[in-house]
$ cat model-v6.txt   # compact mmCIF, C-alpha atoms
# COMPACT_ATOMS: atom_id res chain seq x y z
CA MET A 1035 25.50 -16.47 47.76
CA THR A 1036 27.58 -14.47 45.31
CA ASN A 1037 26.84 -17.06 42.68
CA THR A 1038 23.12 -16.72 43.21
CA ILE A 1039 23.31 -12.97 42.78
CA THR A 1040 25.30 -13.40 39.60
CA ASP A 1041 22.77 -15.97 38.36
CA ASN A 1042 19.91 -13.60 39.13
CA ALA A 1043 21.67 -10.75 37.38
CA THR A 1044 22.22 -12.95 34.34
CA GLU A 1045 18.59 -13.99 34.41
CA VAL A 1046 17.42 -10.37 34.62
CA ALA A 1047 19.72 -9.39 31.77
CA GLU A 1048 18.40 -12.30 29.70
CA SER A 1049 14.76 -11.47 30.36
CA LYS A 1050 15.41 -7.82 29.45
CA ALA A 1051 16.95 -8.94 26.22
CA THR A 1052 13.83 -10.89 25.31
CA ILE A 1053 11.52 -7.94 26.11
CA GLU A 1054 13.43 -5.51 23.89
CA PRO A 1055 11.50 -4.95 20.64
CA LYS A 1056 13.02 -6.44 17.54
CA GLN A 1057 14.67 -3.98 15.23
CA THR A 1058 12.77 -4.42 11.98
CA ILE A 1059 12.50 -2.09 9.00
CA GLU A 1060 8.86 -1.19 8.42
CA PRO A 1061 7.98 -1.40 4.71
CA LYS A 1062 7.00 2.01 3.35
CA GLN A 1063 3.22 2.41 3.18
CA THR A 1064 1.86 2.92 -0.32
CA ILE A 1065 -1.56 3.62 -1.83
CA GLU A 1066 -2.35 1.33 -4.78
CA LYS A 1067 -5.70 2.74 -5.93
CA VAL A 1068 -7.87 5.83 -5.43
CA SER A 1069 -11.42 6.46 -6.54
CA ILE A 1070 -12.43 10.10 -6.61
CA ILE A 1071 -16.06 11.22 -6.52
CA VAL A 1072 -16.66 14.67 -8.03
CA SER A 1073 -20.04 15.98 -6.92
CA LYS A 1074 -19.72 19.75 -7.33
CA GLY A 1075 -19.94 21.80 -10.49
CA SER A 1076 -17.82 24.76 -9.42
CA LEU A 1077 -14.21 25.36 -10.42
CA GLU A 1078 -13.09 24.91 -6.82
CA GLY A 1079 -15.07 21.67 -6.63
CA ILE A 1080 -13.68 20.17 -9.82
CA TYR A 1081 -10.09 21.40 -10.09
CA PRO A 1082 -8.78 19.90 -6.83
CA ALA A 1083 -10.27 16.53 -7.76
CA LEU A 1084 -8.46 16.65 -11.10
CA ILE A 1085 -5.19 17.63 -9.44
CA MET A 1086 -5.53 14.77 -6.94
CA GLY A 1087 -6.36 12.28 -9.70
CA ASN A 1088 -3.60 13.38 -12.02
CA GLY A 1089 -1.09 13.49 -9.17
CA ALA A 1090 -2.02 9.96 -8.18
CA ARG A 1091 -1.45 8.64 -11.72
CA ASN A 1092 1.92 10.36 -11.74
CA GLU A 1093 2.82 8.37 -8.64
CA GLY A 1094 1.80 5.19 -10.40
CA ILE A 1095 -1.46 4.86 -8.44
CA GLU A 1096 -4.52 3.42 -10.22
CA VAL A 1097 -7.23 6.11 -10.51
CA ASN A 1098 -10.97 6.17 -11.20
CA LEU A 1099 -12.88 9.44 -11.41
CA PHE A 1100 -16.62 9.19 -10.80
CA PHE A 1101 -18.66 12.28 -11.76
CA THR A 1102 -22.01 12.69 -10.08
CA PHE A 1103 -24.67 15.37 -9.61
CA PHE A 1104 -23.38 18.86 -10.50
CA GLY A 1105 -19.89 17.42 -10.91
CA MET A 1106 -21.24 16.06 -14.21
CA ASP A 1107 -20.76 19.54 -15.69
CA ALA A 1108 -17.03 18.75 -15.84
CA ILE A 1109 -17.71 16.00 -18.41
CA HIS A 1110 -20.64 17.65 -20.20
CA LYS A 1111 -19.72 18.65 -23.78
CA GLU A 1112 -21.37 22.06 -23.66
CA ARG A 1113 -20.64 22.90 -20.04
CA HIS A 1114 -17.12 21.71 -19.28
CA ASP A 1115 -15.58 24.78 -20.86
CA HIS A 1116 -17.74 27.14 -18.77
CA ILE A 1117 -17.06 26.05 -15.20
CA LYS A 1118 -17.27 28.98 -12.78
CA VAL A 1119 -15.95 29.90 -9.36
CA ALA A 1120 -18.72 30.10 -6.74
CA THR A 1121 -18.80 33.62 -5.34
CA VAL A 1122 -21.96 33.21 -3.24
CA GLY A 1123 -21.84 31.29 0.02
CA ASN A 1124 -18.08 30.96 -0.28
CA PRO A 1125 -16.32 32.64 2.69
CA GLY A 1126 -12.97 31.93 1.01
CA MET A 1127 -13.77 34.62 -1.56
CA HIS A 1128 -13.60 37.26 1.20
CA MET A 1129 -16.46 39.28 -0.15
CA ALA A 1130 -19.96 40.00 1.14
CA THR A 1131 -22.52 37.42 0.01
CA TRP A 1132 -24.67 40.12 -1.61
CA ALA A 1133 -21.65 41.34 -3.59
CA GLY A 1134 -20.92 37.82 -4.79
CA GLY A 1135 -24.44 37.62 -6.12
CA LEU A 1136 -24.22 40.72 -8.31
CA PRO A 1137 -24.42 40.05 -12.05
CA GLY A 1138 -21.06 39.26 -13.57
CA VAL A 1139 -19.14 38.82 -10.30
CA SER A 1140 -18.81 35.06 -10.63
CA ALA A 1141 -17.74 35.48 -14.26
CA LEU A 1142 -15.15 38.06 -13.27
CA ALA A 1143 -13.75 35.93 -10.44
CA THR A 1144 -13.59 32.98 -12.83
CA LYS A 1145 -11.79 35.08 -15.42
CA MET A 1146 -9.22 36.21 -12.88
CA MET A 1147 -8.61 32.71 -11.62
CA SER A 1148 -8.41 31.31 -15.16
CA LYS A 1149 -5.75 33.90 -15.98
CA LYS A 1150 -3.71 32.79 -12.99
CA ILE A 1151 -4.16 29.15 -13.94
CA GLU A 1152 -2.97 29.92 -17.46
CA ALA A 1153 -0.03 31.99 -16.22
CA LEU A 1154 1.15 29.02 -14.17
CA ASP A 1155 0.77 26.89 -17.29
CA PHE A 1156 -1.80 24.66 -15.61
CA PRO A 1157 -4.31 23.10 -18.01
CA ASP A 1158 -7.93 24.30 -18.13
CA ILE A 1159 -10.66 21.78 -17.27
CA PRO A 1160 -11.25 20.27 -20.75
CA GLU A 1161 -7.50 19.84 -21.36
CA PHE A 1162 -6.97 18.53 -17.85
CA ILE A 1163 -9.59 15.80 -18.25
CA GLU A 1164 -8.15 14.80 -21.61
CA MET A 1165 -4.71 14.55 -20.03
CA ILE A 1166 -5.97 12.49 -17.09
CA HIS A 1167 -7.71 10.18 -19.52
CA ASP A 1168 -4.41 9.78 -21.39
CA THR A 1169 -2.64 8.84 -18.16
CA GLY A 1170 -4.88 5.78 -18.06
CA ALA A 1171 -7.33 6.92 -15.37
CA GLY A 1172 -10.92 5.71 -15.67
CA ILE A 1173 -13.58 8.39 -16.20
CA TYR A 1174 -17.14 7.46 -15.27
CA ALA A 1175 -20.52 9.17 -15.10
CA CYS A 1176 -23.12 8.36 -12.48
CA LEU A 1177 -26.25 6.68 -13.91
CA ALA A 1178 -28.60 8.25 -11.36
CA SER A 1179 -27.35 11.74 -12.25
CA VAL A 1180 -27.54 11.08 -16.00
CA ASP A 1181 -31.19 10.07 -15.52
CA LEU A 1182 -31.91 12.94 -13.16
CA PHE A 1183 -30.60 15.58 -15.56
CA GLY A 1184 -31.96 13.81 -18.63
CA PHE A 1185 -28.52 13.38 -20.24
CA THR A 1186 -27.46 10.70 -22.70
CA LYS A 1187 -23.93 9.44 -23.45
CA ASP A 1188 -23.92 11.82 -26.43
CA ASP A 1189 -24.13 14.81 -24.09
CA LEU A 1190 -20.89 13.74 -22.44
CA ILE A 1191 -17.31 14.20 -23.63
CA GLU A 1192 -15.64 11.32 -25.48
CA GLN A 1193 -13.22 10.61 -22.61
CA VAL A 1194 -16.07 9.18 -20.51
CA ASP A 1195 -15.49 5.43 -20.40
CA GLU A 1196 -18.91 4.42 -19.19
CA ILE A 1197 -22.07 5.44 -17.35
CA ILE A 1198 -22.14 3.28 -14.22
CA THR A 1199 -24.27 2.59 -11.16
CA VAL A 1200 -23.20 3.27 -7.61
CA GLY A 1201 -22.84 -0.51 -7.18
CA ASP A 1202 -20.43 -0.66 -10.12
CA PHE A 1203 -18.51 2.19 -8.52
CA TYR A 1204 -18.05 0.39 -5.23
CA GLU A 1205 -16.99 -2.75 -7.02
CA MET A 1206 -14.42 -0.70 -8.93
CA ALA A 1207 -13.25 1.12 -5.80
CA ALA A 1208 -12.87 -2.05 -3.71
CA GLY A 1209 -9.55 -2.36 -1.97
CA GLY A 1210 -8.55 1.26 -2.58
CA GLN A 1211 -9.06 4.70 -1.10
CA ILE A 1212 -12.14 6.84 -1.82
CA ILE A 1213 -11.98 10.64 -2.00
CA PHE A 1214 -15.17 12.74 -2.15
CA THR A 1215 -15.08 16.32 -3.36
CA MET B 5 21.15 7.91 2.55
CA THR B 6 22.58 4.64 1.34
CA ILE B 7 25.51 3.70 -0.80
CA THR B 8 24.67 1.34 -3.65
CA GLN B 9 26.68 -0.21 -6.48
CA LEU B 10 25.68 1.00 -9.96
CA ALA B 11 27.64 0.07 -13.07
CA GLY B 12 30.37 -1.11 -10.73
CA LYS B 13 30.66 2.21 -8.93
CA PRO B 14 29.55 3.11 -5.40
CA VAL B 15 26.83 5.77 -5.62
CA GLU B 16 24.87 7.53 -2.89
CA VAL B 17 21.06 7.28 -3.16
CA ASN B 18 18.26 8.65 -0.94
CA ASP B 19 15.44 6.72 0.79
CA GLU B 20 13.36 6.57 -2.39
CA GLY B 21 16.30 5.49 -4.54
CA PHE B 22 17.08 8.80 -6.28
CA LEU B 23 20.75 9.58 -6.86
CA VAL B 24 21.97 12.24 -4.44
CA ASP B 25 24.50 13.72 -6.87
CA PRO B 26 23.29 13.78 -10.52
CA THR B 27 26.84 14.36 -11.75
CA GLU B 28 27.81 10.87 -10.55
CA TRP B 29 25.37 9.35 -13.07
CA THR B 30 26.62 7.65 -16.21
CA GLU B 31 24.59 6.27 -19.11
CA ASP B 32 25.42 2.68 -18.24
CA MET B 33 23.68 3.12 -14.87
CA ALA B 34 20.30 3.69 -16.59
CA THR B 35 19.52 0.04 -17.35
CA GLU B 36 20.42 -1.07 -13.83
CA LEU B 37 18.26 1.70 -12.36
CA ALA B 38 15.38 0.73 -14.68
CA ASP B 39 15.63 -2.91 -13.56
CA LEU B 40 15.69 -1.84 -9.92
CA HIS B 41 12.54 0.27 -10.27
CA GLY B 42 10.40 -1.99 -12.43
CA VAL B 43 10.79 -0.37 -15.85
CA ASP B 44 11.01 -2.86 -18.73
CA THR B 45 14.49 -3.24 -20.18
CA PRO B 46 16.26 -3.04 -22.57
CA LEU B 47 15.51 0.68 -22.64
CA THR B 48 14.31 1.80 -26.08
CA ASP B 49 15.12 4.96 -28.05
CA ARG B 50 11.80 6.37 -26.80
CA HIS B 51 12.85 5.82 -23.17
CA TRP B 52 16.07 7.66 -23.95
CA VAL B 53 14.22 10.63 -25.47
CA VAL B 54 12.54 11.08 -22.08
CA ILE B 55 15.67 10.37 -20.01
CA ASN B 56 17.78 12.83 -21.98
CA TYR B 57 15.05 15.47 -21.83
CA MET B 58 14.85 15.06 -18.06
CA ARG B 59 18.59 15.56 -17.61
CA LYS B 60 18.55 18.59 -19.88
CA GLU B 61 15.64 20.12 -17.92
CA TYR B 62 17.34 19.46 -14.61
CA PHE B 63 20.63 21.06 -15.55
CA GLU B 64 18.89 24.04 -17.19
CA ASN B 65 16.07 24.68 -14.68
CA GLY B 66 17.08 22.94 -11.47
CA THR B 67 14.25 20.41 -11.57
CA GLY B 68 13.12 17.66 -13.91
CA ALA B 69 9.87 18.06 -15.87
CA THR B 70 6.43 17.05 -14.60
CA VAL B 71 4.28 14.68 -16.68
CA ARG B 72 2.41 17.62 -18.19
CA LYS B 73 5.61 19.31 -19.30
CA LEU B 74 7.02 16.03 -20.58
CA GLY B 75 3.82 15.44 -22.57
CA LYS B 76 3.97 18.92 -24.08
CA ALA B 77 7.66 19.36 -24.72
CA SER B 78 9.68 16.13 -24.73
CA GLY B 79 8.26 14.79 -27.98
CA VAL B 80 6.62 11.82 -26.24
CA ASN B 81 2.89 12.25 -25.50
CA THR B 82 1.13 11.43 -22.22
CA LYS B 83 -0.25 8.08 -23.40
CA GLU B 84 3.13 6.87 -24.57
CA LEU B 85 4.83 8.18 -21.42
CA PHE B 86 2.62 5.89 -19.35
CA GLN B 87 3.38 2.97 -21.68
CA LEU B 88 7.11 3.54 -21.26
CA PHE B 89 7.01 4.24 -17.52
CA PRO B 90 3.71 2.78 -16.23
CA LYS B 91 4.34 3.49 -12.55
CA GLY B 92 4.79 7.25 -12.99
CA PRO B 93 6.67 8.71 -15.99
CA ALA B 94 8.16 11.84 -14.37
CA LYS B 95 9.23 10.10 -11.18
CA LEU B 96 10.65 7.00 -12.85
CA SER B 97 12.40 8.77 -15.70
CA ALA B 98 14.00 11.10 -13.14
CA MET B 99 15.09 8.09 -11.11
CA ILE B 100 16.66 6.44 -14.18
CA ALA B 101 18.19 9.74 -15.32
CA GLY B 102 19.92 10.09 -11.95
CA ILE B 103 18.25 13.40 -11.06
CA PRO B 104 16.04 14.28 -8.04
CA LYS B 105 12.27 13.74 -8.01
CA PRO B 106 10.69 16.56 -10.07
CA LYS B 107 8.86 19.25 -8.13
CA GLY B 108 5.38 20.33 -9.18
CA CYS B 109 1.79 19.18 -8.69
CA ILE B 110 0.58 19.04 -12.27
$ encode --input "model-v6.txt" --output "structure tokens"
Amino acid sequence: MTNTITDNATEVAESKATIEPKQTIEPKQTIEKVSIIVSKGSLEGIYPALIMGNGARNEGIEVNLFFTFFGMDAIHKERHDHIKVATVGNPGMHMATWAGGLPGVSALATKMMSKKIEALDFPDIPEFIEMIHDTGAGIYACLASVDLFGFTKDDLIEQVDEIITVGDFYEMAAGGQIIFT
Amino acid sequence: MTITQLAGKPVEVNDEGFLVDPTEWTEDMATELADLHGVDTPLTDRHWVVINYMRKEYFENGTGATVRKLGKASGVNTKELFQLFPKGPAKLSAMIAGIPKPKGCI
């Protein structure tokens, strides 16, 4: 009788031991590639995308930046140095919509933000894109947007690697993460 | 925190592999650290320009330089930085220089 109990106890102990999860060290998760779509032409639409892209390269992550629609202003020779903060329809500005629409308000807000950016020694948009290009990130323009706005490759800054289709983009982005801004 | 052997000495490193105490670092640890973290060895003079700059920055300002600062001030430009340390110049040079991961987003 005693033996049986002991046997049972041993059996229970054994079965418990097999249920216990194995102690394994999980490998740290990493991101190998990100593709960032920049669709907005405002400072707050473009800057975060550049920070994300640059930051990813600094972590050794492969990066492709894909500029589409109004985001194309960031890679347009004559426009990339004149990117403005949106003061209308932007609750984050904490001002009345009508006030944001007054002449010169967007320019003033942009000037103030640019000063802060400079004070922190962050690069402006043209310098930032040049730097990201130097880190080895791919810089691409969207063919549909180029056609829509009537641009040619000559209208775009020299750092643009290629004008590509959405299909090319997906092929390029395959296996990585996609960020849309 | 883990203890690892570098240049024959036991050294404490954190989860990512950065030295916990930068004063424990010696120059002969650099090659071993580079091998461990996938940077081509032997380290060249250009690698050392960056490594020395990182240590100088850390001891003067409390943090190593970001890629932007390295590109502007170390004497090695952004393109070359990525050739020397393809998987992240600021992070890897800090790792090899025995200092903590640099703080800063840009």
$ residues_near_point --input "model-v6.txt" --point "(20.2, 11.1, -7.4)" --cutoff "10 Å" --atoms "only C-alpha atoms" --output "CSV table (one decimal) with C-alpha atoms, in the coordinates of the input"
chain,number,residue,atom,x,y,z
B,15,VAL,CA,26.8,5.8,-5.6
B,16,GLU,CA,24.9,7.5,-2.9
B,17,VAL,CA,21.1,7.3,-3.2
B,18,ASN,CA,18.3,8.6,-0.9
B,20,GLU,CA,13.4,6.6,-2.4
B,21,GLY,CA,16.3,5.5,-4.5
B,22,PHE,CA,17.1,8.8,-6.3
B,23,LEU,CA,20.8,9.6,-6.9
B,24,VAL,CA,22.0,12.2,-4.4
B,25,ASP,CA,24.5,13.7,-6.9
B,26,PRO,CA,23.3,13.8,-10.5
B,27,THR,CA,26.8,14.4,-11.8
B,28,GLU,CA,27.8,10.9,-10.6
B,29,TRP,CA,25.4,9.4,-13.1
B,98,ALA,CA,14.0,11.1,-13.1
B,99,MET,CA,15.1,8.1,-11.1
B,100,ILE,CA,16.7,6.4,-14.2
B,101,ALA,CA,18.2,9.7,-15.3
B,102,GLY,CA,19.9,10.1,-12.0
B,103,ILE,CA,18.2,13.4,-11.1
B,104,PRO,CA,16.0,14.3,-8.0
B,105,LYS,CA,12.3,13.7,-8.0
$ residues_around --input "model-v6.txt" --residues "Val1122 (chain A)" --least-positions-apart "3" --cutoff "7 Å" --atoms "all atoms listed in the file" --output "count of residues only"
3
$ interface_residues --input "model-v6.txt" --of "chain A" --to "chain B" --cutoff "6 Å" --atoms "only C-alpha atoms" --output "ChimeraX atom specification"
/A:1092-1094,1168-1169
$ atom_distance --input "model-v6.txt" --atom1 "CA of Ile1065 (chain A)" --atom2 "CA of Phe1103 (chain A)"
27.1 Å
$ atom_distance --input "model-v6.txt" --atom1 "CA of Ile1212 (chain A)" --atom2 "CA of Asn1098 (chain A)"
9.5 Å
$ atom_distance --input "model-v6.txt" --atom1 "CA of Ile1117 (chain A)" --atom2 "CA of Ser1148 (chain A)"
10.1 Å
$ residues_near_point --input "model-v6.txt" --point "(-13.0, 3.1, -21.5)" --cutoff "8 Å" --atoms "only C-alpha atoms" --output "VMD selection string"
chain A and resid 1172 to 1173 1193 to 1196
$ write_last_selection --input "model-v6.txt" --atoms "C-alpha atoms" --output "PDB file, in the frame of the given file"
ATOM      1  CA  GLY A1172     -10.920   5.710 -15.670  1.00  0.00           C
ATOM      2  CA  ILE A1173     -13.580   8.390 -16.200  1.00  0.00           C
ATOM      3  CA  GLN A1193     -13.220  10.610 -22.610  1.00  0.00           C
ATOM      4  CA  VAL A1194     -16.070   9.180 -20.510  1.00  0.00           C
ATOM      5  CA  ASP A1195     -15.490   5.430 -20.400  1.00  0.00           C
ATOM      6  CA  GLU A1196     -18.910   4.420 -19.190  1.00  0.00           C
TER       7      GLU A1196
END
$ closest_atom_pairs --input "model-v6.txt" --of "region 1044-1148 of chain A" --to "region 1198-1203 of chain A" --cutoff "12 Å" --atoms "all atoms listed in the file" --output "tab-separated table"
residue	atom	partner	partner_atom	distance
A:Val1068	CA	A:Phe1203	CA	11.7
A:Ser1069	CA	A:Phe1203	CA	8.5
A:Ile1070	CA	A:Phe1203	CA	10.2
A:Ile1071	CA	A:Phe1203	CA	9.6
A:Asn1098	CA	A:Phe1203	CA	8.9
A:Leu1099	CA	A:Phe1203	CA	9.6
A:Phe1100	CA	A:Phe1203	CA	7.6
A:Phe1101	CA	A:Ile1198	CA	10.0
A:Thr1102	CA	A:Val1200	CA	9.8
$ closest_residue --input "model-v6.txt" --among "A:Ser1179, A:Thr1121, A:Ser1073, A:Ser1140" --to "Ile1213 (chain A)" --atoms "all atoms listed in the file"
A:Ser1073
$ decode --input "model-v6.txt" --residues "region 47-75 of chain B" --atoms "N, CA and C atoms" --output "PDB file, in the first residue's frame"
ATOM      1  N   LEU B  47      41.250  46.430 -37.501  1.00  0.00           N
ATOM      2  CA  LEU B  47      40.740  47.799 -37.498  1.00  0.00           C
ATOM      3  C   LEU B  47      41.781  48.718 -38.153  1.00  0.00           C
ATOM      4  N   THR B  48      41.296  49.617 -39.021  1.00  0.00           N
ATOM      5  CA  THR B  48      42.205  50.523 -39.727  1.00  0.00           C
ATOM      6  C   THR B  48      42.374  51.825 -38.949  1.00  0.00           C
ATOM      7  N   ASP B  49      43.292  52.676 -39.443  1.00  0.00           N
ATOM      8  CA  ASP B  49      43.483  53.997 -38.830  1.00  0.00           C
ATOM      9  C   ASP B  49      42.189  54.788 -38.812  1.00  0.00           C
ATOM     10  N   ARG B  50      41.366  54.603 -39.881  1.00  0.00           N
ATOM     11  CA  ARG B  50      40.098  55.336 -39.985  1.00  0.00           C
ATOM     12  C   ARG B  50      39.116  54.871 -38.900  1.00  0.00           C
ATOM     13  N   HIS B  51      39.097  53.561 -38.633  1.00  0.00           N
ATOM     14  CA  HIS B  51      38.272  53.062 -37.520  1.00  0.00           C
ATOM     15  C   HIS B  51      38.711  53.741 -36.220  1.00  0.00           C
ATOM     16  N   TRP B  52      40.020  53.832 -36.056  1.00  0.00           N
ATOM     17  CA  TRP B  52      40.559  54.385 -34.802  1.00  0.00           C
ATOM     18  C   TRP B  52      40.270  55.872 -34.640  1.00  0.00           C
ATOM     19  N   VAL B  53      40.182  56.601 -35.773  1.00  0.00           N
ATOM     20  CA  VAL B  53      39.805  58.017 -35.689  1.00  0.00           C
ATOM     21  C   VAL B  53      38.439  58.109 -35.006  1.00  0.00           C
ATOM     22  N   VAL B  54      37.525  57.248 -35.441  1.00  0.00           N
ATOM     23  CA  VAL B  54      36.158  57.262 -34.907  1.00  0.00           C
ATOM     24  C   VAL B  54      36.139  56.777 -33.447  1.00  0.00           C
ATOM     25  N   ILE B  55      36.838  55.688 -33.182  1.00  0.00           N
ATOM     26  CA  ILE B  55      36.855  55.120 -31.825  1.00  0.00           C
ATOM     27  C   ILE B  55      37.421  56.128 -30.813  1.00  0.00           C
ATOM     28  N   ASN B  56      38.533  56.748 -31.186  1.00  0.00           N
ATOM     29  CA  ASN B  56      39.143  57.731 -30.280  1.00  0.00           C
ATOM     30  C   ASN B  56      38.248  58.943 -30.074  1.00  0.00           C
ATOM     31  N   TYR B  57      37.591  59.367 -31.176  1.00  0.00           N
ATOM     32  CA  TYR B  57      36.675  60.514 -31.065  1.00  0.00           C
ATOM     33  C   TYR B  57      35.517  60.182 -30.116  1.00  0.00           C
ATOM     34  N   MET B  58      35.015  58.969 -30.233  1.00  0.00           N
ATOM     35  CA  MET B  58      33.903  58.549 -29.379  1.00  0.00           C
ATOM     36  C   MET B  58      34.301  58.573 -27.910  1.00  0.00           C
ATOM     37  N   ARG B  59      35.477  58.074 -27.603  1.00  0.00           N
ATOM     38  CA  ARG B  59      35.919  58.059 -26.196  1.00  0.00           C
ATOM     39  C   ARG B  59      36.111  59.477 -25.670  1.00  0.00           C
ATOM     40  N   LYS B  60      36.673  60.321 -26.531  1.00  0.00           N
ATOM     41  CA  LYS B  60      36.892  61.715 -26.140  1.00  0.00           C
ATOM     42  C   LYS B  60      35.541  62.378 -25.840  1.00  0.00           C
ATOM     43  N   GLU B  61      34.580  62.198 -26.739  1.00  0.00           N
ATOM     44  CA  GLU B  61      33.234  62.771 -26.560  1.00  0.00           C
ATOM     45  C   GLU B  61      32.595  62.288 -25.264  1.00  0.00           C
ATOM     46  N   TYR B  62      32.722  60.983 -25.030  1.00  0.00           N
ATOM     47  CA  TYR B  62      32.093  60.409 -23.841  1.00  0.00           C
ATOM     48  C   TYR B  62      32.675  61.007 -22.558  1.00  0.00           C
ATOM     49  N   PHE B  63      33.979  61.090 -22.501  1.00  0.00           N
ATOM     50  CA  PHE B  63      34.589  61.581 -21.260  1.00  0.00           C
ATOM     51  C   PHE B  63      34.419  63.091 -21.096  1.00  0.00           C
ATOM     52  N   GLU B  64      34.216  63.807 -22.229  1.00  0.00           N
ATOM     53  CA  GLU B  64      33.995  65.256 -22.125  1.00  0.00           C
ATOM     54  C   GLU B  64      32.527  65.614 -21.904  1.00  0.00           C
ATOM     55  N   ASN B  65      31.613  64.881 -22.580  1.00  0.00           N
ATOM     56  CA  ASN B  65      30.196  65.274 -22.559  1.00  0.00           C
ATOM     57  C   ASN B  65      29.258  64.253 -21.928  1.00  0.00           C
ATOM     58  N   GLY B  66      29.759  63.131 -21.521  1.00  0.00           N
ATOM     59  CA  GLY B  66      28.909  62.144 -20.859  1.00  0.00           C
ATOM     60  C   GLY B  66      28.167  61.207 -21.784  1.00  0.00           C
ATOM     61  N   THR B  67      28.257  61.452 -23.104  1.00  0.00           N
ATOM     62  CA  THR B  67      27.662  60.517 -24.065  1.00  0.00           C
ATOM     63  C   THR B  67      28.475  60.537 -25.356  1.00  0.00           C
ATOM     64  N   GLY B  68      28.517  59.407 -26.031  1.00  0.00           N
ATOM     65  CA  GLY B  68      29.205  59.347 -27.315  1.00  0.00           C
ATOM     66  C   GLY B  68      28.432  60.138 -28.355  1.00  0.00           C
ATOM     67  N   ALA B  69      29.050  60.394 -29.513  1.00  0.00           N
ATOM     68  CA  ALA B  69      28.409  61.195 -30.553  1.00  0.00           C
ATOM     69  C   ALA B  69      27.396  60.374 -31.335  1.00  0.00           C
ATOM     70  N   THR B  70      26.379  61.074 -31.896  1.00  0.00           N
ATOM     71  CA  THR B  70      25.449  60.427 -32.824  1.00  0.00           C
ATOM     72  C   THR B  70      26.111  60.429 -34.206  1.00  0.00           C
ATOM     73  N   VAL B  71      25.474  59.734 -35.159  1.00  0.00           N
ATOM     74  CA  VAL B  71      26.055  59.676 -36.507  1.00  0.00           C
ATOM     75  C   VAL B  71      26.209  61.080 -37.096  1.00  0.00           C
ATOM     76  N   ARG B  72      25.213  61.926 -36.867  1.00  0.00           N
ATOM     77  CA  ARG B  72      25.291  63.281 -37.419  1.00  0.00           C
ATOM     78  C   ARG B  72      26.505  64.028 -36.879  1.00  0.00           C
ATOM     79  N   LYS B  73      26.709  63.924 -35.561  1.00  0.00           N
ATOM     80  CA  LYS B  73      27.834  64.620 -34.954  1.00  0.00           C
ATOM     81  C   LYS B  73      29.158  64.015 -35.440  1.00  0.00           C
ATOM     82  N   LEU B  74      29.188  62.698 -35.516  1.00  0.00           N
ATOM     83  CA  LEU B  74      30.391  62.034 -36.014  1.00  0.00           C
ATOM     84  C   LEU B  74      30.723  62.538 -37.415  1.00  0.00           C
ATOM     85  N   GLY B  75      29.683  62.586 -38.275  1.00  0.00           N
ATOM     86  CA  GLY B  75      29.857  63.010 -39.661  1.00  0.00           C
ATOM     87  C   GLY B  75      30.354  64.440 -39.759  1.00  0.00           C
TER      88      GLY B  75
END
